[in-house]
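Undergrad: Below are the structure tokens for one structure; questions will follow.
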Amino acid sequence: MTQTTPTPTTASRPRIGIAGIAIESSTFTPYRSSERDFEVRRGTEEVLARFPFFSGAVDPGSAPGPASGAPAGTPSASGQALREAAEYVGVLQARALPGGQLVRDDYEGWKREITEGLAAAHAEAPLDGFFFDIHGAMSVEGLDDAEGDLITAIREAIGPDVVVGTAMDLHGNVSETLFEACDLLTCYRHAPHIDAWETRERGLRDLVEACARVRAGGALPHKALVHVPILLPGEKTSTRIEPAKSLYGRIPAITEREGITDISCWIGFAWADQPRCQAAIVAYGEDADAVDAAALELATALWEVRHDVDFVAPAAPFDECLDRAITSIARPFWISDSGDNPGAGGADDTTYCLARLIAREEIRSGEVSALMVALADPASADAAAELGVGGRGDFLVGGHIDTREPGPVALRAEVEALDETTQTGRAARLRVLDGDRPTGLSVVVTARRSQWARQGMFERLGMSMTGFDVVTVKMGYLEPDQYEAAADWMLALTPGGVDQDLVRLGHQRIQRPMIPFDAEIPAPTPASVVSAAGRDISSPRP
């Protein structure tokens, strides 16, 4: 049911810790994520400034990665009320563009810093609650359930009686370990994730309210989990289209029922080969029977559409997409290089598409203008910076991280524009040359892996999202700015660490049967519901 944030006196405000590590990690990409890929915030002021509803910072939360860096503005009214409803203790929050498995030493260092910081804060003045600020699909070298490992260590530091809540990406995974350690779990309701910050605000508000109830002597909400053995890419479960549109559209009405606070549907993360990877439904609220029934109801609804999913756009091998784009009257025509999408953990440097763009006569002649954006290639970005705008030189682009065929592509190009930001590092727009004659192809290279989802990124290199006939972007489904810019688009089924053909990737360790790896799965039953009664963990506190 809809609830409002309490307005307690300063003396009665819950004390809530905040920490987490947020990344989604493909176990099929050769890239390894490390500390240098992350934006790390330490201390209460920095951690709270991450949340736009507290700080007023401009960050729509749709595209992954560091915030826009916009100065703090005016918090929302609901955010201001939530800020005043509790005392917050920020310890450490690290987030990064999706990538590969996180280097174990970096993870262990952050885990130690988080647990020691929370233990110290809890010893100084008892914590009532803890907000676990994560994505939910982090993979760490040598671990099968990174978030489960981290929350287990956190529980050891803060004890069993602190109320724990989390708000996750719907492409995260909910293991039984994570479910057992958290009292409140919610996730996004849209893909693309236009509600990323709304979800965190909702999750944090529910946590504050639960802590206030516990301080007054009440019990925690009842919670229920149902796993559904389905593992699908986000490009087949976008809420822009059916069946996900209607499936997620059921959620608001369910949360309005008596005794139910929240219900969420996790699709799971398709590009990790781990036993925890599958879809999950979690509900919580005061009425145990209503919560259990709602979780089973939504799980059954997901199961019923298990064979109805399809790609969010027309999908085909890249050559077919390029044929369609070149002959189409729609301009610009966008193509997603989905197998190397950095927003899902791809290496961001496969050259499968680049080589084919260069080879097309319509593009070489300049009859068709085309853009390839972007390939992570620090050496090429540095070389372009040394040449300067207008300089010409020879480059060996891409294929240095993910070396699959055709590998690094040799090309001669003129530097058209240069830029440097925290998000991309050095960036260069190169016009590919045929001898000394410019072709119709421009290529963007960057020092850092990056996802080119927003108009502002294009503008910094003197480009428009609508300024080319054909745009090939390392992406899965198009984010809002891209979707608005594209007159038409297709999803290219390209090879890479986040290949849409999951069977081709070769999962070995997921649970079976599992769609799409098996033809059928059993329907959820009441026996599928994992329930946990609301715990009475506290007597009234002053």
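Each chain in the structure tokens gets a letter, A, B, ..., in the order shown, and its residues are numbered from 1; ligands are numbered from 1 in order too.
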According to DSSP computed on the backbone, where in segment 306-457 of chain A is there strand (DSSP E or B)? Give the residues as a VMD selection string.

TA: chain A and resid 315 to 316 333 to 337 370 to 376 392 to 397 409 to 421 425 to 434 437 to 446

Undergrad: Write out as a VMD selection string the residues lying within 12 Å of Arg306 of chain A, counting only C-alpha atoms and excluding same-chain residues fewer than 5 positions away.

TA: chain A and resid 228 to 232 236 to 237 242 to 244 247 267 279 299 to 301 514 to 516 518 to 523

Undergrad: Using N, CA and C atoms, can you write the selected residues to a file as a PDB file, in the first residue's frame?

TA:
ATOM      1  N   VAL A 228      12.207 -18.048 -10.776  1.00  0.00           N
ATOM      2  CA  VAL A 228      11.638 -18.573 -12.017  1.00  0.00           C
ATOM      3  C   VAL A 228      12.817 -18.864 -12.949  1.00  0.00           C
ATOM      4  N   PRO A 229      13.007 -20.120 -13.370  1.00  0.00           N
ATOM      5  CA  PRO A 229      14.204 -20.477 -14.138  1.00  0.00           C
ATOM      6  C   PRO A 229      14.159 -19.991 -15.589  1.00  0.00           C
ATOM      7  N   ILE A 230      14.246 -18.682 -15.715  1.00  0.00           N
ATOM      8  CA  ILE A 230      14.300 -17.993 -17.001  1.00  0.00           C
ATOM      9  C   ILE A 230      15.518 -17.083 -16.965  1.00  0.00           C
ATOM     10  N   LEU A 231      16.297 -17.056 -18.036  1.00  0.00           N
ATOM     11  CA  LEU A 231      17.480 -16.198 -18.103  1.00  0.00           C
ATOM     12  C   LEU A 231      17.513 -15.573 -19.484  1.00  0.00           C
ATOM     13  N   LEU A 232      17.130 -14.315 -19.549  1.00  0.00           N
ATOM     14  CA  LEU A 232      16.976 -13.643 -20.828  1.00  0.00           C
ATOM     15  C   LEU A 232      17.720 -12.316 -20.842  1.00  0.00           C
ATOM     16  N   LYS A 236      15.402  -8.612 -24.761  1.00  0.00           N
ATOM     17  CA  LYS A 236      14.174  -9.379 -24.979  1.00  0.00           C
ATOM     18  C   LYS A 236      13.137  -9.114 -23.891  1.00  0.00           C
ATOM     19  N   THR A 237      13.467  -8.246 -22.958  1.00  0.00           N
ATOM     20  CA  THR A 237      12.556  -7.995 -21.835  1.00  0.00           C
ATOM     21  C   THR A 237      12.369  -6.505 -21.584  1.00  0.00           C
ATOM     22  N   GLU A 242       5.591  -5.594 -25.296  1.00  0.00           N
ATOM     23  CA  GLU A 242       5.061  -6.779 -24.640  1.00  0.00           C
ATOM     24  C   GLU A 242       6.031  -7.953 -24.802  1.00  0.00           C
ATOM     25  N   PRO A 243       6.017  -8.894 -23.847  1.00  0.00           N
ATOM     26  CA  PRO A 243       5.098  -8.989 -22.710  1.00  0.00           C
ATOM     27  C   PRO A 243       5.561  -8.255 -21.448  1.00  0.00           C
ATOM     28  N   ALA A 244       6.814  -7.757 -21.438  1.00  0.00           N
ATOM     29  CA  ALA A 244       7.316  -7.124 -20.214  1.00  0.00           C
ATOM     30  C   ALA A 244       6.522  -5.869 -19.854  1.00  0.00           C
ATOM     31  N   LEU A 247       3.597  -7.082 -17.950  1.00  0.00           N
ATOM     32  CA  LEU A 247       4.041  -7.776 -16.742  1.00  0.00           C
ATOM     33  C   LEU A 247       4.426  -6.778 -15.658  1.00  0.00           C
ATOM     34  N   ILE A 267      14.707  -9.751 -13.737  1.00  0.00           N
ATOM     35  CA  ILE A 267      14.919 -10.621 -14.894  1.00  0.00           C
ATOM     36  C   ILE A 267      16.178 -11.463 -14.720  1.00  0.00           C
ATOM     37  N   ALA A 279      15.581 -15.460 -13.059  1.00  0.00           N
ATOM     38  CA  ALA A 279      14.592 -14.458 -12.690  1.00  0.00           C
ATOM     39  C   ALA A 279      14.110 -14.683 -11.259  1.00  0.00           C
ATOM     40  N   ALA A 299       5.050 -14.363 -10.201  1.00  0.00           N
ATOM     41  CA  ALA A 299       5.924 -15.405 -10.751  1.00  0.00           C
ATOM     42  C   ALA A 299       5.183 -16.229 -11.793  1.00  0.00           C
ATOM     43  N   THR A 300       3.936 -16.530 -11.530  1.00  0.00           N
ATOM     44  CA  THR A 300       3.127 -17.289 -12.484  1.00  0.00           C
ATOM     45  C   THR A 300       2.884 -16.483 -13.750  1.00  0.00           C
ATOM     46  N   ALA A 301       2.653 -15.179 -13.584  1.00  0.00           N
ATOM     47  CA  ALA A 301       2.463 -14.316 -14.752  1.00  0.00           C
ATOM     48  C   ALA A 301       3.715 -14.293 -15.621  1.00  0.00           C
ATOM     49  N   MET A 514      16.351 -24.450 -17.759  1.00  0.00           N
ATOM     50  CA  MET A 514      16.344 -22.992 -17.779  1.00  0.00           C
ATOM     51  C   MET A 514      16.020 -22.539 -19.203  1.00  0.00           C
ATOM     52  N   ILE A 515      15.049 -21.683 -19.353  1.00  0.00           N
ATOM     53  CA  ILE A 515      14.779 -21.060 -20.652  1.00  0.00           C
ATOM     54  C   ILE A 515      15.786 -19.934 -20.866  1.00  0.00           C
ATOM     55  N   PRO A 516      16.475 -19.844 -22.026  1.00  0.00           N
ATOM     56  CA  PRO A 516      16.211 -20.502 -23.301  1.00  0.00           C
ATOM     57  C   PRO A 516      17.052 -21.747 -23.567  1.00  0.00           C
ATOM     58  N   ASP A 518      16.665 -24.701 -22.335  1.00  0.00           N
ATOM     59  CA  ASP A 518      15.819 -25.880 -22.375  1.00  0.00           C
ATOM     60  C   ASP A 518      14.452 -25.485 -22.916  1.00  0.00           C
ATOM     61  N   ALA A 519      13.760 -26.437 -23.489  1.00  0.00           N
ATOM     62  CA  ALA A 519      12.492 -26.145 -24.155  1.00  0.00           C
ATOM     63  C   ALA A 519      11.384 -25.791 -23.177  1.00  0.00           C
ATOM     64  N   GLU A 520      11.449 -26.316 -21.950  1.00  0.00           N
ATOM     65  CA  GLU A 520      10.369 -26.089 -21.021  1.00  0.00           C
ATOM     66  C   GLU A 520      10.871 -26.072 -19.586  1.00  0.00           C
ATOM     67  N   ILE A 521      10.123 -25.394 -18.735  1.00  0.00           N
ATOM     68  CA  ILE A 521      10.415 -25.324 -17.302  1.00  0.00           C
ATOM     69  C   ILE A 521       9.113 -25.553 -16.546  1.00  0.00           C
ATOM     70  N   PRO A 522       9.196 -26.017 -15.307  1.00  0.00           N
ATOM     71  CA  PRO A 522       7.965 -26.228 -14.538  1.00  0.00           C
ATOM     72  C   PRO A 522       7.343 -24.915 -14.092  1.00  0.00           C
ATOM     73  N   ALA A 523       6.032 -24.937 -13.939  1.00  0.00           N
ATOM     74  CA  ALA A 523       5.315 -23.762 -13.438  1.00  0.00           C
ATOM     75  C   ALA A 523       5.581 -23.591 -11.949  1.00  0.00           C
TER      76      ALA A 523
END

Undergrad: Which polymer residues have any atom within 12 Å of an atom of Val470 of chain A, counting only C-alpha atoms, with same-chain residues fewer than 4 positions away left out, as a ChimeraX atom specification?

TA: /A:321-336,357,362-363,366-373,440-442,465-466,485-490
